[in-house]
Every structure is written in structure tokens, then in C-alpha cells.
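Here is entry_3.cif, consisting of mmCIF, C-alpha atoms and all ligand atoms:
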data_entry
loop_
_atom_site.label_atom_id
_atom_site.label_comp_id
_atom_site.auth_asym_id
_atom_site.auth_seq_id
_atom_site.Cartn_x
_atom_site.Cartn_y
_atom_site.Cartn_z
CA MET A 1 25.21 -115.03 156.84
CA PRO A 2 25.79 -118.45 155.26
CA LEU A 3 23.50 -119.05 152.27
CA ASP A 4 21.33 -121.65 153.98
CA ALA A 5 17.56 -122.15 154.23
CA SER A 6 17.27 -119.37 156.77
CA TRP A 7 19.02 -116.95 154.38
CA ALA A 8 16.68 -118.00 151.55
CA GLU A 9 13.70 -117.29 153.75
CA SER A 10 15.09 -113.84 154.64
CA TRP A 11 15.70 -113.24 150.92
CA ILE A 12 12.08 -113.95 150.00
CA ARG A 13 10.74 -111.89 152.90
CA LEU A 14 12.93 -108.89 152.03
CA SER A 15 12.01 -109.26 148.33
CA ALA A 16 8.34 -109.11 149.30
CA GLN A 17 8.97 -105.99 151.37
CA SER A 18 10.91 -104.33 148.56
CA VAL A 19 8.29 -105.19 145.92
CA ALA A 20 5.59 -103.78 148.22
CA GLU A 21 7.60 -100.57 148.69
CA HIS A 22 8.14 -100.22 144.91
CA ARG A 23 4.67 -101.37 143.91
CA GLU A 24 3.57 -97.96 142.60
CA GLU A 25 6.80 -97.46 140.66
CA LEU A 26 6.43 -100.89 139.01
CA THR A 27 2.80 -100.14 138.23
CA ALA A 28 3.73 -96.77 136.72
CA LEU A 29 6.34 -98.39 134.48
CA ASP A 30 3.84 -101.04 133.38
CA THR A 31 1.21 -98.35 132.80
CA ALA A 32 3.61 -96.60 130.41
CA ILE A 33 4.41 -99.65 128.27
CA GLY A 34 1.99 -102.41 129.37
CA ASP A 35 -1.32 -102.80 131.19
CA GLY A 36 -0.36 -101.34 134.57
CA ASP A 37 -0.57 -104.49 136.67
CA HIS A 38 3.04 -105.56 137.24
CA GLY A 39 3.32 -103.95 140.68
CA SER A 40 0.07 -105.44 141.97
CA ASN A 41 0.69 -108.84 140.28
CA LEU A 42 4.09 -109.27 141.88
CA ASP A 43 3.07 -107.79 145.23
CA ARG A 44 0.19 -110.27 145.45
CA GLY A 45 2.52 -113.17 144.55
CA MET A 46 5.25 -112.21 147.00
CA CYS A 47 2.72 -111.73 149.81
CA ALA A 48 1.39 -115.23 149.05
CA ALA A 49 4.95 -116.61 149.08
CA VAL A 50 5.58 -115.08 152.51
CA ALA A 51 2.28 -116.55 153.77
CA ALA A 52 3.30 -119.97 152.43
CA LEU A 53 6.63 -119.71 154.28
CA ASP A 54 4.79 -118.70 157.46
CA ASP A 55 2.65 -121.83 157.16
CA ALA A 56 5.45 -124.25 156.21
CA ASP A 57 7.35 -126.47 158.62
CA GLU A 58 11.06 -125.70 158.87
CA LEU A 59 12.58 -126.18 155.41
CA PRO A 60 15.95 -127.97 155.14
CA THR A 61 17.62 -126.22 152.19
CA PRO A 62 17.56 -122.92 150.28
CA GLY A 63 16.20 -124.99 147.40
CA ALA A 64 13.14 -126.03 149.41
CA VAL A 65 12.40 -122.38 150.23
CA LEU A 66 12.83 -121.30 146.60
CA LYS A 67 10.67 -124.19 145.35
CA LEU A 68 7.81 -123.22 147.65
CA THR A 69 8.21 -119.61 146.49
CA ALA A 70 8.17 -120.71 142.84
CA THR A 71 5.02 -122.82 143.07
CA THR A 72 3.25 -120.07 145.02
CA LEU A 73 4.23 -117.40 142.47
CA ILE A 74 3.15 -119.58 139.54
CA SER A 75 -0.26 -120.19 141.09
CA THR A 76 -0.94 -116.60 142.24
CA VAL A 77 0.72 -114.10 139.87
CA GLY A 78 -0.74 -114.89 136.45
CA GLY A 79 -0.03 -112.74 133.39
CA ALA A 80 3.34 -112.99 131.70
CA ALA A 81 5.46 -112.38 134.77
CA GLY A 82 4.00 -115.15 136.98
CA PRO A 83 5.16 -118.14 134.95
CA LEU A 84 8.44 -116.37 134.10
CA ILE A 85 9.52 -115.38 137.60
CA GLY A 86 8.09 -118.65 138.91
CA THR A 87 10.23 -120.60 136.46
CA ALA A 88 13.26 -118.53 137.48
CA PHE A 89 12.76 -119.54 141.12
CA LEU A 90 11.98 -123.15 140.19
CA ARG A 91 15.22 -123.52 138.22
CA ALA A 92 17.14 -121.67 140.95
CA ALA A 93 15.70 -124.11 143.51
CA ARG A 94 17.13 -127.09 141.64
CA GLU A 95 20.64 -125.62 141.93
CA ALA A 96 20.15 -124.80 145.62
CA ASP A 97 19.50 -128.21 147.17
CA ALA A 98 22.65 -128.26 149.34
CA PRO A 99 22.22 -127.13 152.98
CA VAL A 100 24.60 -124.18 152.33
CA LEU A 101 25.58 -122.66 148.98
CA ASP A 102 29.19 -121.84 148.15
CA ALA A 103 30.23 -119.15 145.64
CA PRO A 104 30.17 -121.39 142.52
CA GLY A 105 26.82 -122.82 143.63
CA THR A 106 25.46 -119.31 144.09
CA ALA A 107 26.49 -118.35 140.55
CA ARG A 108 24.95 -121.59 139.20
CA MET A 109 21.72 -120.73 140.98
CA VAL A 110 21.56 -117.28 139.32
CA ALA A 111 22.49 -118.77 135.94
CA ALA A 112 19.77 -121.41 136.26
CA ALA A 113 17.18 -118.72 137.03
CA SER A 114 18.27 -116.76 133.96
CA GLU A 115 18.12 -119.87 131.76
CA GLY A 116 14.63 -120.58 133.11
CA VAL A 117 13.39 -117.14 132.05
CA HIS A 118 14.98 -117.60 128.66
CA ALA A 119 13.51 -121.09 128.18
CA ARG A 120 10.04 -119.96 129.20
CA GLY A 121 9.84 -116.58 127.44
CA HIS A 122 12.23 -117.04 124.47
CA ALA A 123 13.48 -113.47 124.91
CA GLU A 124 16.98 -112.63 123.75
CA THR A 125 19.20 -110.07 125.43
CA GLY A 126 18.17 -106.64 124.12
CA ASP A 127 14.47 -107.52 123.74
CA LYS A 128 13.67 -105.22 126.72
CA THR A 129 12.39 -107.80 129.21
CA MET A 130 13.33 -109.19 132.61
CA ALA A 131 15.67 -111.52 130.69
CA ASP A 132 18.01 -108.53 130.24
CA ALA A 133 18.41 -108.14 133.99
CA TRP A 134 18.69 -111.90 134.66
CA ALA A 135 21.27 -112.47 131.92
CA ALA A 136 23.43 -109.56 133.12
CA ALA A 137 23.23 -110.91 136.68
CA ALA A 138 24.19 -114.43 135.61
CA ARG A 139 27.20 -113.16 133.66
CA ALA A 140 28.40 -110.97 136.52
CA ALA A 141 27.92 -113.74 139.10
CA GLN A 142 30.02 -116.14 137.04
CA ALA A 143 32.74 -113.52 136.56
CA ALA A 144 32.75 -112.81 140.30
CA VAL A 145 33.32 -116.49 141.18
CA THR A 146 36.67 -116.54 139.47
CA ARG A 147 37.62 -113.31 141.28
CA VAL A 148 36.51 -114.05 144.86
CA GLY A 149 38.11 -117.41 145.58
CA GLN A 150 37.22 -119.22 148.81
CA SER A 151 36.78 -116.39 151.32
CA GLU A 152 33.94 -116.64 153.81
CA ASP A 153 31.99 -113.79 152.23
CA ALA A 154 32.52 -115.08 148.66
CA PRO A 155 28.84 -116.08 148.11
CA ALA A 156 27.71 -112.62 149.30
CA VAL A 157 30.18 -110.96 146.93
CA VAL A 158 28.81 -113.08 144.06
CA LEU A 159 25.26 -111.94 144.89
CA GLU A 160 26.39 -108.31 145.14
CA ALA A 161 27.90 -108.56 141.66
CA ALA A 162 24.68 -110.13 140.39
CA ALA A 163 22.52 -107.42 141.98
CA LEU A 164 24.62 -104.56 140.62
CA ALA A 165 24.55 -106.07 137.14
CA ALA A 166 20.79 -106.64 137.30
CA ALA A 167 20.25 -102.98 138.24
CA GLU A 168 22.51 -101.93 135.37
CA GLY A 169 20.68 -104.38 133.06
CA ALA A 170 17.34 -102.84 134.09
CA ARG A 171 18.62 -99.29 133.43
CA ALA A 172 19.91 -100.44 130.05
CA THR A 173 16.38 -101.42 128.96
CA GLU A 174 15.28 -97.74 128.95
CA PRO A 175 16.28 -96.82 125.39
CA MET A 176 15.43 -100.27 123.98
CA LYS A 177 12.50 -101.06 121.71
CA ALA A 178 10.52 -103.97 123.18
CA ARG A 179 10.42 -107.15 121.12
CA ARG A 180 8.63 -109.47 123.60
CA GLY A 181 5.59 -109.19 125.84
CA ARG A 182 2.87 -106.55 125.84
CA ALA A 183 5.35 -103.67 125.48
CA SER A 184 6.28 -104.97 122.02
CA TYR A 185 2.80 -103.93 120.76
CA LEU A 186 3.98 -100.32 121.20
CA GLY A 187 6.98 -100.66 118.90
CA GLU A 188 9.07 -97.45 118.96
CA ARG A 189 6.76 -95.96 121.60
CA SER A 190 8.17 -98.45 124.14
CA CYS A 191 11.52 -96.58 124.01
CA GLY A 192 12.32 -94.26 126.91
CA TYR A 193 10.95 -96.40 129.75
CA ARG A 194 12.64 -99.08 131.82
CA ASP A 195 11.06 -102.52 131.57
CA PRO A 196 9.01 -103.24 134.73
CA GLY A 197 10.04 -106.91 134.91
CA ALA A 198 13.72 -106.00 134.63
CA VAL A 199 13.28 -103.45 137.42
CA SER A 200 11.54 -105.98 139.70
CA THR A 201 14.26 -108.55 138.95
CA ALA A 202 16.86 -106.04 140.14
CA LEU A 203 14.87 -105.49 143.37
CA ILE A 204 14.73 -109.25 144.01
CA LEU A 205 18.46 -109.71 143.44
CA GLU A 206 19.27 -106.66 145.57
CA ALA A 207 17.33 -108.33 148.39
CA ALA A 208 19.38 -111.51 147.88
CA ALA A 209 22.64 -109.58 148.20
CA GLN A 210 21.47 -107.52 151.17
CA THR A 211 20.38 -110.55 153.20
CA ALA A 212 23.61 -112.41 152.36
CA ARG A 213 25.58 -109.47 153.76
CA GLN A 214 23.84 -109.59 157.16
P1 LIG A 301 1.46 -108.88 131.80
O1 LIG A 301 2.33 -108.36 130.69
O2 LIG A 301 0.80 -110.16 131.43
O3 LIG A 301 0.52 -107.86 132.32
P2 LIG A 301 3.24 -108.31 134.00
O4 LIG A 301 2.86 -106.90 133.78
O5 LIG A 301 3.12 -108.82 135.39
O6 LIG A 301 2.45 -109.27 133.02
O7 LIG A 301 4.76 -108.52 133.56
C1 LIG A 301 5.31 -107.85 132.47
C2 LIG A 301 6.80 -108.18 132.39
O8 LIG A 301 6.98 -109.53 131.97
C3 LIG A 301 7.56 -107.36 131.39
O9 LIG A 301 8.00 -106.14 131.97
C4 LIG A 301 8.73 -108.25 131.00
O10 LIG A 301 9.85 -108.06 131.84
C5 LIG A 301 8.19 -109.64 131.27
N1 LIG A 301 7.98 -110.38 130.03
C6 LIG A 301 6.90 -110.37 129.23
N2 LIG A 301 7.05 -111.23 128.21
C7 LIG A 301 8.28 -111.78 128.35
C8 LIG A 301 9.05 -112.77 127.63
N3 LIG A 301 8.58 -113.36 126.53
N4 LIG A 301 10.28 -113.10 128.11
C9 LIG A 301 10.76 -112.52 129.22
N5 LIG A 301 10.09 -111.61 129.95
C10 LIG A 301 8.87 -111.24 129.51
MG MG A 302 1.28 -105.99 132.98
MG MG A 303 -1.53 -108.11 132.80
#

So that I can check it, write out the structure of this file as C-alpha cells.
Amino acid sequence: MPLDASWAESWIRLSAQSVAEHREELTALDTAIGDGDHGSNLDRGMCAAVAALDDADELPTPGAVLKLTATTLISTVGGAAGPLIGTAFLRAAREADAPVLDAPGTARMVAAASEGVHARGHAETGDKTMADAWAAAARAAQAAVTRVGQSEDAPAVVLEAAALAAAEGARATEPMKARRGRASYLGERSCGYRDPGAVSTALILEAAAQTARQ
């Protein structure tokens, strides 16, 4: 489908469904290297975002949908992840204010989200945070733009590249030693587990790609 406001709404709704389905897995990961609340934090926030969309009048652009999602996440999630993922959506919203996104616009949206996480959390690549998944996605999306050209499904292909890279970025956090967030208190003991925020980022971007393909 074209990447319009209706797509953005489907994206957020599918993200909420996916986070709900993976809630226990995210909680288990955060129990291993954090305080065990990432699954419930994000599930609560995504449910609130869906409720906000249910209550909203028809929104004109993907950016309007993402902005409502961002403000809802920031006010309901709390902890480290709330402001971070909220900022990602807020920055993404700014790059998504056209009625329909093209492939370069889609890559800019992902890059803006990644820059938002970086600006807010100051994590570098390799610090074992959600920034690892976002940065990998942004790089892959940009690389895909130059490959896909102007075909009708180009924006969906860009999102597929971003989602695959985010999943790979999340897997790559497993051996890392955490240098940001709660997991960093564990030092070497944080090695051997995937970062929960990187895993949830991959779920969210997978939902973006899946809805774009429909
Ligand atoms: P909290 O740690 O406050 O309980 P959550 O469990 O909801 O919050 O979220 C933890 C996730 O937040 C981590 O898995 C990591 O991906 C992310 N995170 C924490 N600190 C940072 C940071 N400084 N930069 C980027 N991401 C971070
Ligand atoms: Mg936590
Ligand atoms: Mg917490």
C-alpha cells in the first residue's frame, strides 16, 4: 500500500499487536540484564497509542499519526525506553509530513528516528542498546534507496531492508557488553543476551515493512 496516513495507522496497530505477542520475551530479556519491565512498559505504551488513534479524527499524513504515537508513548511508557522510542517517533513524524512517502522520504524517516535515539540517549553503535538496531536500519534504508529506484514498491523495499537490518542489529547485541542504560551496571555479565530495546525496535520496523507490503 502507499505509505500514507492509513499505512502509518496500520503500522502502529500491527506494532502494538506484535509487542503484545512478544511481551513475555521482551520481559525475559529485560529480566536477564535489566529490571524486567520492558515488555510491560512498551505494551502499555503501544496500547495507549492505539487507543489515541481510535479516539482521533482522521489524520491527514503519516507524520500526524506518528506524532500522536510519539506523544502518547512519551507520556505513558516512562523508564529509559519511553523517552527514547517516543523521540524516535517524534523525529520520524517530522520527516513524514507529506501525504504519501516516497523511497527517499522513507529512508529519511528511519534515519531521523535513529538520530533521535542517538541525540536523546547518547549511545554509540556497539553500546548494546536500541541505537544498534536503529542505526543498522537507517544505514540499510539509505543503501536500499540507491538500489530500488522509482518502482511502485520502492518504499516497501526500503522498509524491508530496514527491518532486516534492525533484526540483524538486535542479534548482534547478544555478545556485546552494555555501556548504556541499566544493563551497563552488569558489565561483563550483560554479555550473552540480546538487548530488549533492540529486539523491540526490530519488531516495530518489521511491522512497518509488513504493512507496507499489503
Ligand atoms: P528501563 O531501563 O528504565 O527499565 P526499559 O526496560 O523499558 O527501561 O528499556 C530498556 C531499553 O532502553 C534497553 O534495552 C535499551 O535498548 C534502551 N536504552 C537504555 N538506555 C539507553 C540509551 N542511553 N540509549 C539508547 N537506548 C537506551
Ligand atoms: Mg527495564
Ligand atoms: Mg524500568

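Considering only C-alpha atoms and all ligand atoms, the residue among A:Val110, A:Ala52, A:Ala183, A:Cys47 positioned nearest to ligand MG 303 (chain A) is A:Ala183.
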
List every residue of chain A that has an atom at most 7 Å from any atom of ligand MG 302 (chain A), giving for each one its closest atom pair and the distance in Å to one decimal, counting only C-alpha atoms and all ligand atoms, sorted by chain and then by ascending residue number, as a Markdown table.
| residue | atom | partner | partner_atom | distance |
| --- | --- | --- | --- | --- |
| A:Asp30 | CA | A:MG302 | MG | 5.6 |
| A:Gly34 | CA | A:MG302 | MG | 5.1 |
| A:Asp35 | CA | A:MG302 | MG | 4.5 |
| A:Gly36 | CA | A:MG302 | MG | 5.2 |
| A:Asp37 | CA | A:MG302 | MG | 4.4 |
| A:His38 | CA | A:MG302 | MG | 4.6 |
| A:Gly79 | CA | A:MG302 | MG | 6.9 |

inquiry  = Please list as a ChimeraX atom specification every residue within 10 Å of A:Ala131, counting all atoms listed in the file and excluding residues in the same chain fewer than 4 positions away.
reply    = /A:84,113-118,121-127,135-137,166,169-170,197-198,201

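With only C-alpha atoms and all ligand atoms as the basis for measurement, A:Ala80 is the residue among A:Ala80, A:Val148, A:Leu186, A:Ile33 that approaches ligand LIG 301 (chain A) most closely.
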
task = Show which residues sit within 7 Å of A:Arg179, as an MDAnalysis selection string. Count all atoms listed in the file, and ignore same-chain residues fewer than 2 positions away.
result = chainID A and resid 127:128 177 184

remark   = Here atom CA of A:Arg44 and atom O4 of ligand LIG 301 (chain A) stand apart by 12.4 Å

Exercise: A:Ala8 partners within 7 Å, all atoms listed in the file, chain neighbours under 5 positions left out, as an MDAnalysis selection string = chainID A and resid 3 62 65

Which of A:Met1, A:Ala144, A:Ile12, A:Ala32 sits closest to A:Pro196 [using all atoms listed in the file] =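 Looking only at the distances to A:Pro196, the closest residue turns out to be A:Ala32.
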
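Each of A:Ala49, A:Ala28, A:Ala119, A:Ala209 was compared to A:Ala16 using only C-alpha atoms, and A:Ala49 turns out to be the nearest.
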
query = In Å, how far is it from atom CA of A:Arg13 to atom CA of A:Val145?
reply =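 So the answer is 25.9 Å.
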
query = So what do you get for atom CA of A:Thr31 versus atom CA of A:Phe89, distance-wise?
reply =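 Pair atom CA of A:Thr31 / atom CA of A:Phe89 returns 25.5 Å.
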
message = Taking all atoms listed in the file into account, name the residue in A:Asp97, A:Gln17, A:Gly45, A:Thr87 that is nearest to A:Leu73.
response =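 Comparing A:Asp97, A:Gln17, A:Gly45, A:Thr87 against A:Leu73, the winner is A:Gly45.
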
key: Which residue of A:Ala172, A:Glu152, A:Arg147, A:Ser200 approaches A:Asp102 most closely, using all atoms listed in the file   =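 The closest residue to A:Asp102 is A:Glu152.
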
message = Need to verify the contact set: A:Leu203, 9 Å, only C-alpha atoms, exclusion of same-chain residues closer than 5 positions in sequence. Can you return it as a PyMOL selection string?
response = chain A and resi 15+18-19+22+163+166-167+198+208

Please write the residues from the selection above to a file, keeping C-alpha atoms, as a CSV table (one decimal), in the frame of the given file.
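Wrote selection27.csv, looks like this:
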chain,number,residue,atom,x,y,z
A,15,SER,CA,12.0,-109.3,148.3
A,18,SER,CA,10.9,-104.3,148.6
A,19,VAL,CA,8.3,-105.2,145.9
A,22,HIS,CA,8.1,-100.2,144.9
A,163,ALA,CA,22.5,-107.4,142.0
A,166,ALA,CA,20.8,-106.6,137.3
A,167,ALA,CA,20.2,-103.0,138.2
A,198,ALA,CA,13.7,-106.0,134.6
A,208,ALA,CA,19.4,-111.5,147.9

message = Applying 7 Å and all atoms listed in the file, which residues near A:Leu29 remain after dropping the ones on its own chain fewer than 5 positions away? List them as a PyMOL selection string.
response = chain A and resi 193-196
